[in-house]
Structures are given as C-alpha cells and as structure tokens.
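Source file: run.txt; contents: compact mmCIF, C-alpha atoms.
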```txt
# COMPACT_ATOMS: atom_id res chain seq x y z
CA MET A 1246 11.94 -277.40 195.03
CA LYS A 1247 8.68 -278.40 196.66
CA TYR A 1248 9.38 -278.46 200.43
CA SER A 1249 11.60 -276.61 202.89
CA ILE A 1250 11.80 -278.14 206.37
CA ILE A 1251 12.60 -275.51 209.02
CA VAL A 1252 13.80 -276.52 212.48
CA PRO A 1253 14.73 -274.04 215.26
CA VAL A 1254 17.22 -275.52 217.73
CA PHE A 1255 18.39 -274.58 221.20
CA ASN A 1256 21.00 -276.76 222.95
CA ARG A 1257 19.70 -280.05 221.53
CA PRO A 1258 22.34 -281.61 219.26
CA ASP A 1259 21.30 -285.18 220.12
CA GLU A 1260 17.71 -284.54 219.13
CA VAL A 1261 18.78 -282.94 215.87
CA ASP A 1262 20.86 -286.01 215.10
CA GLU A 1263 17.82 -288.27 215.47
CA LEU A 1264 15.62 -285.96 213.40
CA LEU A 1265 18.13 -285.68 210.56
CA GLU A 1266 18.65 -289.44 210.60
CA SER A 1267 14.91 -289.93 210.13
CA LEU A 1268 14.90 -287.44 207.25
CA CYS A 1269 17.51 -289.52 205.45
CA HIS A 1270 15.01 -292.37 205.15
CA GLN A 1271 12.10 -290.45 203.67
CA GLU A 1272 10.45 -292.00 200.64
CA VAL A 1273 9.93 -288.55 199.07
CA LYS A 1274 13.25 -286.70 198.68
CA ASP A 1275 12.20 -283.35 197.20
CA PHE A 1276 13.02 -281.19 200.20
CA GLU A 1277 15.71 -279.07 201.79
CA VAL A 1278 16.42 -278.86 205.52
CA ILE A 1279 17.10 -275.55 207.25
CA ILE A 1280 18.51 -275.77 210.78
CA VAL A 1281 18.42 -272.48 212.69
CA GLU A 1282 20.62 -272.51 215.79
CA ASP A 1283 18.98 -270.07 218.19
CA GLY A 1284 21.99 -268.87 220.18
CA SER A 1285 22.80 -272.31 221.59
CA LYS A 1286 25.72 -272.87 223.94
CA LYS A 1287 25.72 -276.51 222.76
CA PRO A 1288 25.53 -276.07 218.98
CA CYS A 1289 24.62 -278.86 216.56
CA LYS A 1290 26.96 -277.74 213.77
CA ASP A 1291 29.06 -280.92 213.98
CA VAL A 1292 25.91 -283.02 213.84
CA CYS A 1293 24.70 -281.18 210.75
CA ASP A 1294 28.07 -281.62 209.05
CA LYS A 1295 27.56 -285.41 209.25
CA TYR A 1296 24.54 -285.13 206.95
CA ALA A 1297 25.84 -282.44 204.58
CA GLY A 1298 26.50 -284.92 201.79
CA ILE A 1299 23.29 -286.85 202.35
CA LEU A 1300 20.64 -284.16 202.79
CA ASP A 1301 20.20 -280.78 201.13
CA LEU A 1302 21.03 -279.22 204.48
CA HIS A 1303 21.59 -275.57 205.39
CA TYR A 1304 22.81 -274.60 208.86
CA TYR A 1305 22.51 -271.08 210.30
CA TYR A 1306 23.56 -269.69 213.67
CA LYS A 1307 21.90 -266.56 215.10
CA GLU A 1308 21.51 -264.79 218.41
CA ASN A 1309 18.79 -266.10 220.70
CA SER A 1310 15.33 -264.72 219.96
CA GLY A 1311 13.01 -267.68 220.59
CA PRO A 1312 11.63 -270.33 218.26
CA GLY A 1313 9.09 -268.14 216.47
CA GLN A 1314 11.61 -265.61 215.23
CA SER A 1315 14.05 -268.41 214.41
CA ARG A 1316 11.42 -270.02 212.19
CA ASN A 1317 10.98 -266.67 210.43
CA TYR A 1318 14.74 -266.48 209.97
CA GLY A 1319 14.72 -269.86 208.30
CA ALA A 1320 11.67 -269.03 206.17
CA GLU A 1321 13.44 -265.98 204.76
CA ARG A 1322 16.14 -268.30 203.41
CA ALA A 1323 13.88 -271.11 202.25
CA LYS A 1324 13.38 -272.03 198.59
CA GLY A 1325 10.49 -274.48 198.79
CA ASP A 1326 6.91 -273.91 197.70
CA TRP A 1327 5.78 -275.34 201.05
CA LEU A 1328 7.41 -274.55 204.39
CA ILE A 1329 7.26 -277.40 206.91
CA VAL A 1330 7.97 -276.31 210.48
CA LEU A 1331 9.10 -279.00 212.92
CA ASP A 1332 10.33 -278.98 216.50
CA SER A 1333 13.79 -280.40 217.09
CA ASP A 1334 12.39 -283.08 219.41
CA VAL A 1335 10.38 -284.91 216.73
CA VAL A 1336 11.34 -287.96 214.67
CA LEU A 1337 9.65 -288.72 211.34
CA PRO A 1338 8.46 -292.13 210.15
CA PRO A 1339 9.78 -293.03 206.68
CA ASN A 1340 6.45 -292.30 204.97
CA TYR A 1341 5.95 -288.85 206.53
CA MET A 1342 6.85 -286.80 203.44
CA ALA A 1343 5.05 -289.23 201.13
CA ALA A 1344 1.90 -289.05 203.26
CA ALA A 1345 1.98 -285.25 203.34
CA ASN A 1346 2.66 -285.02 199.61
CA SER A 1347 -0.13 -287.48 198.72
CA SER A 1348 -2.65 -285.86 201.05
CA LEU A 1349 -1.88 -282.36 199.83
CA PHE A 1350 -2.44 -283.49 196.23
CA THR A 1351 -5.79 -285.02 197.23
CA LEU A 1352 -6.82 -282.00 199.29
CA HIS A 1353 -5.83 -279.61 196.50
CA SER A 1354 -8.02 -281.49 194.02
CA SER A 1355 -11.09 -281.24 196.30
CA LEU A 1356 -10.57 -277.99 198.22
CA PRO A 1357 -7.79 -275.45 198.60
CA CYS A 1358 -5.34 -276.14 201.42
CA ASP A 1359 -3.02 -273.34 202.42
CA ALA A 1360 -1.77 -274.71 205.74
CA TRP A 1361 -1.90 -278.08 207.42
CA GLY A 1362 -0.78 -279.97 210.48
CA GLY A 1363 -0.42 -283.53 211.65
CA PRO A 1364 -0.76 -285.37 214.96
CA ASP A 1365 1.98 -286.80 217.15
CA ALA A 1366 2.58 -290.16 218.79
CA SER A 1367 4.87 -291.90 221.25
CA HIS A 1368 7.71 -294.06 219.92
CA PRO A 1369 8.38 -297.47 221.52
CA SER A 1370 11.90 -296.31 222.40
CA PHE A 1371 10.66 -293.38 224.48
CA THR A 1372 11.23 -293.51 228.23
CA PRO A 1373 8.24 -294.38 230.46
CA ILE A 1374 7.97 -290.72 231.50
CA GLN A 1375 7.95 -289.57 227.86
CA LYS A 1376 5.23 -292.10 227.06
CA ALA A 1377 3.20 -290.96 230.06
CA ILE A 1378 3.54 -287.31 229.01
CA SER A 1379 2.55 -288.20 225.45
CA TYR A 1380 -0.52 -290.00 226.80
CA SER A 1381 -1.50 -286.99 228.91
CA MET A 1382 -1.38 -284.72 225.85
CA THR A 1383 -3.41 -286.96 223.54
CA SER A 1384 -5.83 -288.92 225.73
CA PHE A 1385 -9.60 -288.44 225.67
CA PHE A 1386 -9.52 -288.24 229.49
CA THR A 1387 -7.11 -285.29 229.54
CA THR A 1388 -7.46 -283.20 226.37
CA GLY A 1389 -10.56 -284.81 224.91
CA GLY A 1390 -8.37 -286.50 222.32
CA ILE A 1391 -8.27 -283.33 220.21
CA ARG A 1392 -4.51 -283.74 219.71
CA GLY A 1393 -4.59 -287.45 219.07
CA GLY A 1394 -5.28 -287.18 215.36
CA LYS A 1395 -8.34 -289.42 215.37
CA GLY A 1396 -10.44 -287.01 213.37
CA LYS A 1397 -10.33 -286.40 209.64
CA LYS A 1398 -10.67 -283.12 207.83
CA LEU A 1399 -11.75 -280.24 210.03
CA ASP A 1400 -13.27 -276.97 208.86
CA LYS A 1401 -11.09 -274.96 211.22
CA PHE A 1402 -8.04 -276.90 212.23
CA PHE A 1403 -5.26 -274.92 213.89
CA PRO A 1404 -1.82 -276.47 213.21
CA ARG A 1405 0.87 -276.48 215.89
CA SER A 1406 4.49 -275.68 215.23
CA TYR A 1407 5.83 -279.12 216.15
CA ASN A 1408 4.32 -280.40 212.86
CA MET A 1409 3.03 -277.67 210.58
CA GLY A 1410 3.09 -276.91 206.87
CA ILE A 1411 2.17 -273.69 205.09
CA ARG A 1412 2.41 -272.32 201.58
CA ARG A 1413 5.44 -270.10 201.27
CA GLU A 1414 3.50 -267.15 199.78
CA VAL A 1415 0.94 -267.33 202.61
CA TYR A 1416 3.73 -267.37 205.19
CA GLN A 1417 5.30 -264.30 203.60
CA GLU A 1418 2.02 -262.42 203.24
CA LEU A 1419 1.15 -262.88 206.91
CA GLY A 1420 4.65 -262.12 208.14
CA GLY A 1421 5.22 -265.48 209.78
CA PHE A 1422 5.25 -265.95 213.55
CA SER A 1423 4.67 -263.00 215.88
CA LYS A 1424 6.89 -262.01 218.79
CA MET A 1425 4.60 -263.59 221.39
CA ARG A 1426 6.68 -265.40 223.98
CA PHE A 1427 4.22 -268.27 224.28
CA GLY A 1428 1.44 -269.45 221.98
CA GLU A 1429 2.97 -267.88 218.89
CA ASP A 1430 2.12 -270.93 216.79
CA ILE A 1431 -1.59 -270.81 217.71
CA ASP A 1432 -1.57 -267.06 217.07
CA PHE A 1433 -0.16 -267.74 213.59
CA SER A 1434 -2.79 -270.41 212.92
CA TYR A 1435 -5.55 -268.01 213.99
CA ARG A 1436 -4.18 -265.35 211.64
CA ILE A 1437 -4.10 -267.85 208.79
CA VAL A 1438 -7.78 -268.71 209.26
CA GLU A 1439 -8.81 -265.09 209.90
CA ALA A 1440 -7.15 -264.07 206.63
CA GLY A 1441 -9.46 -266.47 204.79
CA TYR A 1442 -6.97 -269.25 204.11
CA LYS A 1443 -7.89 -272.91 204.45
CA THR A 1444 -6.28 -275.30 206.91
CA ALA A 1445 -6.48 -279.09 207.15
CA LEU A 1446 -5.52 -281.91 209.48
CA ILE A 1447 -3.56 -284.67 207.72
CA PRO A 1448 -3.75 -287.65 210.11
CA GLU A 1449 -1.31 -289.69 208.00
CA ALA A 1450 1.45 -287.06 208.34
CA TRP A 1451 2.18 -287.80 211.99
CA VAL A 1452 5.43 -287.56 213.93
CA TRP A 1453 6.97 -289.12 217.00
CA HIS A 1454 7.14 -286.29 219.52
CA LYS A 1455 9.37 -286.54 222.59
CA ARG A 1456 8.01 -283.44 224.31
CA ARG A 1457 9.67 -282.94 227.71
CA THR A 1458 11.81 -285.51 229.48
CA ASP A 1459 10.66 -284.91 233.08
CA PHE A 1460 7.64 -283.54 234.91
CA ARG A 1461 9.31 -280.27 235.94
CA LYS A 1462 10.02 -279.32 232.32
CA PHE A 1463 6.61 -280.56 231.26
CA PHE A 1464 4.92 -278.43 233.93
CA ARG A 1465 6.72 -275.34 232.69
CA GLN A 1466 5.67 -276.09 229.12
CA VAL A 1467 1.96 -276.46 229.89
CA TYR A 1468 2.05 -273.58 232.38
CA ASN A 1469 3.28 -271.32 229.58
CA SER A 1470 0.52 -272.64 227.32
CA GLY A 1471 -2.05 -271.72 229.95
CA MET A 1472 -0.59 -268.22 230.26
CA ALA A 1473 -0.72 -267.79 226.48
CA ARG A 1474 -4.45 -268.52 226.27
CA ILE A 1475 -5.58 -265.16 227.70
CA ASN A 1476 -3.17 -263.30 225.42
CA LEU A 1477 -4.56 -265.23 222.46
CA GLU A 1478 -8.12 -264.28 223.42
CA LYS A 1479 -7.07 -260.62 223.66
CA ARG A 1480 -5.50 -260.81 220.19
CA HIS A 1481 -8.27 -262.93 218.69
CA PRO A 1482 -11.58 -262.25 220.48
CA GLY A 1483 -13.94 -265.19 220.52
CA THR A 1484 -11.27 -267.89 220.36
CA LEU A 1485 -11.54 -268.75 224.05
CA LYS A 1486 -13.72 -271.87 224.16
CA LEU A 1487 -15.17 -274.00 226.92
CA VAL A 1488 -12.47 -276.64 226.37
CA HIS A 1489 -9.82 -274.04 227.28
CA LEU A 1490 -11.54 -273.43 230.62
CA LEU A 1491 -11.77 -277.08 231.64
CA PRO A 1492 -8.18 -277.36 232.97
CA THR A 1493 -8.82 -274.33 235.18
CA VAL A 1494 -12.08 -275.82 236.46
CA PHE A 1495 -10.25 -279.10 237.05
CA THR A 1496 -7.45 -277.30 238.91
CA LEU A 1497 -9.82 -275.38 241.17
CA GLY A 1498 -11.83 -278.54 241.80
CA VAL A 1499 -8.79 -280.61 242.76
CA LEU A 1500 -7.44 -277.89 245.05
CA THR A 1501 -10.85 -277.46 246.70
CA LEU A 1502 -11.25 -281.19 247.30
CA PHE A 1503 -7.67 -281.62 248.50
CA PHE A 1504 -7.67 -278.72 250.96
CA GLY A 1505 -11.24 -279.54 251.98
CA SER A 1506 -10.09 -283.03 252.91
CA ILE A 1507 -7.19 -281.64 254.95
CA THR A 1508 -9.48 -279.14 256.67
CA ALA A 1509 -12.01 -281.85 257.52
CA SER A 1510 -9.26 -284.03 258.98
CA VAL A 1511 -7.89 -281.18 261.10
CA ILE A 1512 -11.37 -280.26 262.39
CA ALA A 1513 -12.06 -283.89 263.29
CA LEU A 1514 -8.80 -284.05 265.24
CA LEU A 1515 -9.26 -280.70 267.02
CA THR A 1516 -12.84 -281.45 268.01
CA TYR A 1517 -12.07 -285.04 268.91
CA GLN A 1518 -14.65 -286.30 266.44
CA SER A 1519 -14.18 -290.03 266.32
CA ASN A 1520 -17.50 -291.05 264.80
CA LEU A 1521 -17.54 -292.93 261.52
CA PHE A 1522 -19.04 -290.07 259.53
CA ALA A 1523 -16.30 -287.62 260.51
CA ALA A 1524 -13.64 -290.17 259.65
CA TYR A 1525 -15.07 -290.74 256.18
CA ILE A 1526 -15.53 -287.09 255.16
CA PRO A 1527 -11.87 -286.65 254.05
CA LEU A 1528 -12.03 -289.88 252.07
CA LEU A 1529 -15.32 -288.89 250.44
CA LEU A 1530 -13.83 -285.57 249.36
CA LEU A 1531 -10.86 -287.34 247.77
CA THR A 1532 -13.00 -289.97 246.02
CA PRO A 1533 -13.35 -288.04 242.71
CA ILE A 1534 -9.56 -287.59 242.54
CA ILE A 1535 -8.98 -291.27 243.30
CA LEU A 1536 -11.53 -292.39 240.69
CA TYR A 1537 -10.05 -290.11 238.02
CA SER A 1538 -6.55 -291.39 238.80
CA ALA A 1539 -7.77 -294.98 238.47
CA ILE A 1540 -9.34 -294.25 235.08
CA ILE A 1541 -6.12 -292.64 233.84
CA CYS A 1542 -3.98 -295.52 235.09
CA ILE A 1543 -6.16 -298.24 233.60
CA ASP A 1544 -6.60 -296.54 230.23
CA SER A 1545 -2.91 -295.68 229.85
CA THR A 1546 -1.84 -299.14 230.99
CA ILE A 1547 -4.01 -300.70 228.29
CA GLN A 1548 -2.88 -298.29 225.59
CA ASN A 1549 0.82 -298.53 226.41
CA ARG A 1550 0.73 -302.15 227.60
CA SER A 1551 2.73 -301.11 230.63
CA LEU A 1552 1.64 -300.71 234.25
CA GLN A 1553 4.65 -298.48 234.86
CA VAL A 1554 3.55 -296.06 232.15
CA GLY A 1555 0.00 -296.29 233.48
CA LEU A 1556 1.10 -295.27 236.97
CA LEU A 1557 3.30 -292.45 235.62
CA SER A 1558 0.37 -291.21 233.55
CA ILE A 1559 -1.39 -290.18 236.77
CA PRO A 1560 1.12 -287.44 237.71
CA ALA A 1561 1.49 -286.62 234.00
CA ALA A 1562 -2.25 -286.00 233.66
CA PHE A 1563 -2.41 -283.85 236.79
CA THR A 1564 0.70 -281.94 235.67
CA GLN A 1565 -0.81 -281.32 232.25
CA LEU A 1566 -4.20 -280.13 233.48
CA MET A 1567 -3.13 -278.24 236.60
CA GLY A 1568 -0.04 -276.71 234.99
CA TYR A 1569 -2.22 -275.28 232.23
CA GLY A 1570 -4.88 -274.25 234.71
CA LEU A 1571 -2.47 -272.41 237.00
CA GLY A 1572 -0.87 -270.62 234.05
CA PHE A 1573 -4.32 -269.58 232.84
CA ILE A 1574 -5.23 -268.23 236.29
CA GLU A 1575 -2.02 -266.19 236.56
CA SER A 1576 -2.47 -264.72 233.09
CA TRP A 1577 -6.15 -263.94 233.77
CA TRP A 1578 -5.20 -262.18 237.00
CA LYS A 1579 -2.51 -260.07 235.34
CA ARG A 1580 -4.33 -259.27 232.09
CA CYS A 1581 -7.98 -259.07 233.20
CA VAL A 1582 -7.80 -257.99 236.84
CA LEU A 1583 -4.59 -255.96 237.05
CA LYS A 1584 -5.07 -254.77 233.42
CA GLN A 1585 -1.45 -255.34 232.49
CA ASP A 1586 -0.69 -255.39 228.80
CA GLU A 1587 0.78 -258.42 227.09
CA TYR A 1588 4.39 -257.30 227.35
CA SER A 1589 4.36 -255.46 230.68
CA HIS A 1590 5.87 -258.50 232.40
CA CYS A 1591 7.57 -259.88 229.28
CA GLU A 1592 10.14 -257.23 228.38
CA GLN A 1593 13.23 -258.73 226.83
CA SER A 1594 15.85 -257.52 229.27
CA GLU A 1595 18.95 -259.60 229.74
CA VAL A 1596 17.55 -261.11 232.94
CA GLU A 1597 14.21 -261.95 231.34
CA ARG A 1598 15.87 -263.35 228.23
CA THR A 1599 17.49 -265.84 230.58
CA ALA A 1600 14.08 -266.58 232.11
CA PHE A 1601 12.69 -266.88 228.59
CA GLU A 1602 15.28 -269.51 227.72
CA LYS A 1603 14.59 -271.42 230.92
CA ASN A 1604 10.85 -271.32 230.34
CA PHE A 1605 10.96 -272.24 226.70
CA TYR A 1606 13.73 -274.74 226.36
CA LYS A 1607 14.67 -276.28 229.69
```

Take the structure I supplied and represent it as structure tokens, if you would.
Amino acid sequence: MKYSIIVPVFNRPDEVDELLESLCHQEVKDFEVIIVEDGSKKPCKDVCDKYAGILDLHYYYKENSGPGQSRNYGAERAKGDWLIVLDSDVVLPPNYMAAANSSLFTLHSSLPCDAWGGPDASHPSFTPIQKAISYSMTSFFTTGGIRGGKGKKLDKFFPRSYNMGIRREVYQELGGFSKMRFGEDIDFSYRIVEAGYKTALIPEAWVWHKRRTDFRKFFRQVYNSGMARINLEKRHPGTLKLVHLLPTVFTLGVLTLFFGSITASVIALLTYQSNLFAAYIPLLLLTPIILYSAIICIDSTIQNRSLQVGLLSIPAAFTQLMGYGLGFIESWWKRCVLKQDEYSHCEQSEVERTAFEKNFYK
C-alpha cells in the first residue's frame, strides 16, 4: 500500500463525513484511511461505518491527548509507505491524491523528497466568515501570502499538519509529533529539516480548509500559534524570523494608535480645545488603521467577489494579526522575562486538560 491518510478527530462527526465523502471520489485509490477519535464526547463511529464498504477505513477510539499524539497513534497502525496527515476540517478535491502522487514521482526523479505539504483554499460553499478567515490566513496583506501556495519548490518548506505527507520510515525515525501543546506540527517540520531530510511544497495538492467557524474560535487558534512561536525558537534556535515579529509590531502599533487617539480626544475635551488641529489629531492617528482596513476590504471583495466577505475580512485580518501578536507577547513575557520553562504553565492536570481541549478544538 502506498498511502495512509491519518486524521485525528475531536467532536466533529459532520466534518469527518464531508472529508470521507471527498475521499470516495479520489482518482487515485491506493490508500487507507485511519480515523483516530481523540476522546470525543460526540464520536464519529457511525459516520465511519457508512464508508466501511467503500473506503479502506480503520477507526480507533482513544483517550484525549491532543492531535499530535493522536497522529502518532494512527501512524503506529499505518501500513502505507507515505503517511498523509490531514485535519478533520479539510475537504479534498477529486484530483488531490493524483496530484500528490504525480508530483512525488516527479520530485523523486529530480531530487529526494522525504516530506511535503500543500496549500489550502476556500470552498464556494463556505460561510462568509469562513471565507473571510481563509482570506486573512492566505492574503499578501496579512501573512505575506506565504500560506497561499503561490510559490513553487522551496529549499526549506515547513509543512503544516492540516495537509502534510511524510515517508513512513522518516516519521518512525524521528518519533513523530512531540508533546508540545501548540506548534507541534512546525516543531516536527523543523526536526525533519534539521535531520537532513528534504521537504517540498506541492501547490497542486491543495485542500479546502474550513478553519474556524467564528472569530472567537479563530482568535484562540491564532493566539495559540503566537504562544508557540517562542517555544519553537527555544527548541530550534535561529528559527525566529522577522516575519514572525510583524504581527507583534502590528499589534503594538494598532494599540498605540487606538489609545493615542482616545487620549488625544480626552485631552481636547478636558482642556476645551476646540481648534481644528486638536479635532483632527484623533482622526490622524487612526488614519493608518482606516487605510489598512480599506485595503483589506477592497482586495478581499475583489478576490471573493463579495462585499460581505470583504467587510468581514477586516475583523478577520485584525483577529489574525493581533491574536498572534498577543499570544507571542504573553509567551515572550513568560519564557523570556519570567524564565518559565515550556511546561511550567502547561501541566496536564484534569483542569488544564479541559483548558487544552477548549483551546485546541473549540
């Protein structure tokens, strides 16, 4: 068997149904599917049973330990030469497996490829909020477009676990995903590259990725990503780049301009400043924020052909950048200023396991 598709699941039977349905229509059929139920209270066993006679499907239930350890659980039971790790909230186009298979054959003939990843996109059926969130994660004006899959082969591409493939023997040699609460997929990608293995971006092997369904859940997701960045730098010195600092700079800039505008308004009122200059100071301070919002709205409206999505992309962009930035600041304060170790505030007590579930899945 050539491919084993591994999907950790937590309380998302409807998403699993859509993913399995998309797997039924793949042009390349040489794969098994391993569903690992990570202690869900809303299991997807009944959903999986629907596809038992259609797909080579294996369902496992285990106690909750997070997605990384659930992927390892599935990898231990996999039979494929390649392990493909997917999130439960993705849907595959019919040519996904064919594109991956064809690209891997081409890559193997020109250079060794031991791990790979593909980009994600928004499906027309997604809600306006989901489309706005997808835009915020892939746009040039938010992430520099580094997750939009526009580039071709990269010397050091770091796959993400929502759409990631790795040779089975490499996975086993490196021990799979670590026990990091957040950022475990990037940590794994770093370890792959540091061990001397080759990675590649396969733009044609893309997925539809739902991400989060509202801004509160999305904020928590990107906040956790920001917190993970300092831990990743501690584990892999030199991996913290300028691009990782930009959301924090953006966050501090927005907060400074916003509170500066409020302060200027209050001072003008308290000192009875009614001249034109005093009246325009708050507006001048907010001008960069207004201009950035306009750029986001116009660009997203054009890309999505929807003014509604364009307007929703404004809070999505600020949530994405400031959520990450605030998480980064908290982690920097705890790890670099207070000198806490990585797990000092991440012990897996019963209370924190509940917090872990809320942070990761909800």

Legend entry - Atom pair atom CA of Gly1441 of chain A / atom CA of Phe1427 of chain A: separation (Å):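 Going from atom CA of Gly1441 of chain A over to atom CA of Phe1427 of chain A covers 23.9 Å.
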
Inset, instruction - Pick out the residues sitting within 12 Å of Lys1479 of chain A, and hand them over as a VMD selection string; count only C-alpha atoms, and ignore anything fewer than 2 positions along from it in its own chain. - result: chain A and resid 1432 1472 to 1477 1481 to 1485 1576 to 1577 1580 to 1581 1584 to 1587

Inset, instruction - Skip Ala1562 of chain A itself and residues of its chain fewer than 5 positions away, then list as a PyMOL selection string all residues within 8 Å of it, counting only C-alpha atoms. - result: chain A and resi 1378+1381-1382+1387+1541

Legend entry - Minimum-distance residue to Glu1439 of chain A, chosen among A:Phe1371, A:Tyr1318, A:Phe1403, A:Trp1361 (using only C-alpha atoms): A:Phe1403

Legend entry - Expected residue set, 10 Å radius at (1.7, -293.5, 226.4), only C-alpha atoms, as number ranges by chain: A: 1366-1369, 1371-1384, 1544-1551, 1554-1555, 1557-1558

Legend entry - Counting all atoms listed in the file, the residue of A:Val1488, A:Ser1310, A:Tyr1525, A:Phe1563 that sits nearest Thr1388 of chain A: A:Val1488

Inset, instruction - Could you check which of A:Leu1556, A:Val1281, A:Ile1250, A:Ala1360 is closest to Lys1324 of chain A, using only C-alpha atoms? - result: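 Among A:Leu1556, A:Val1281, A:Ile1250, A:Ala1360, it is A:Ile1250 that comes nearest to Lys1324 of chain A.
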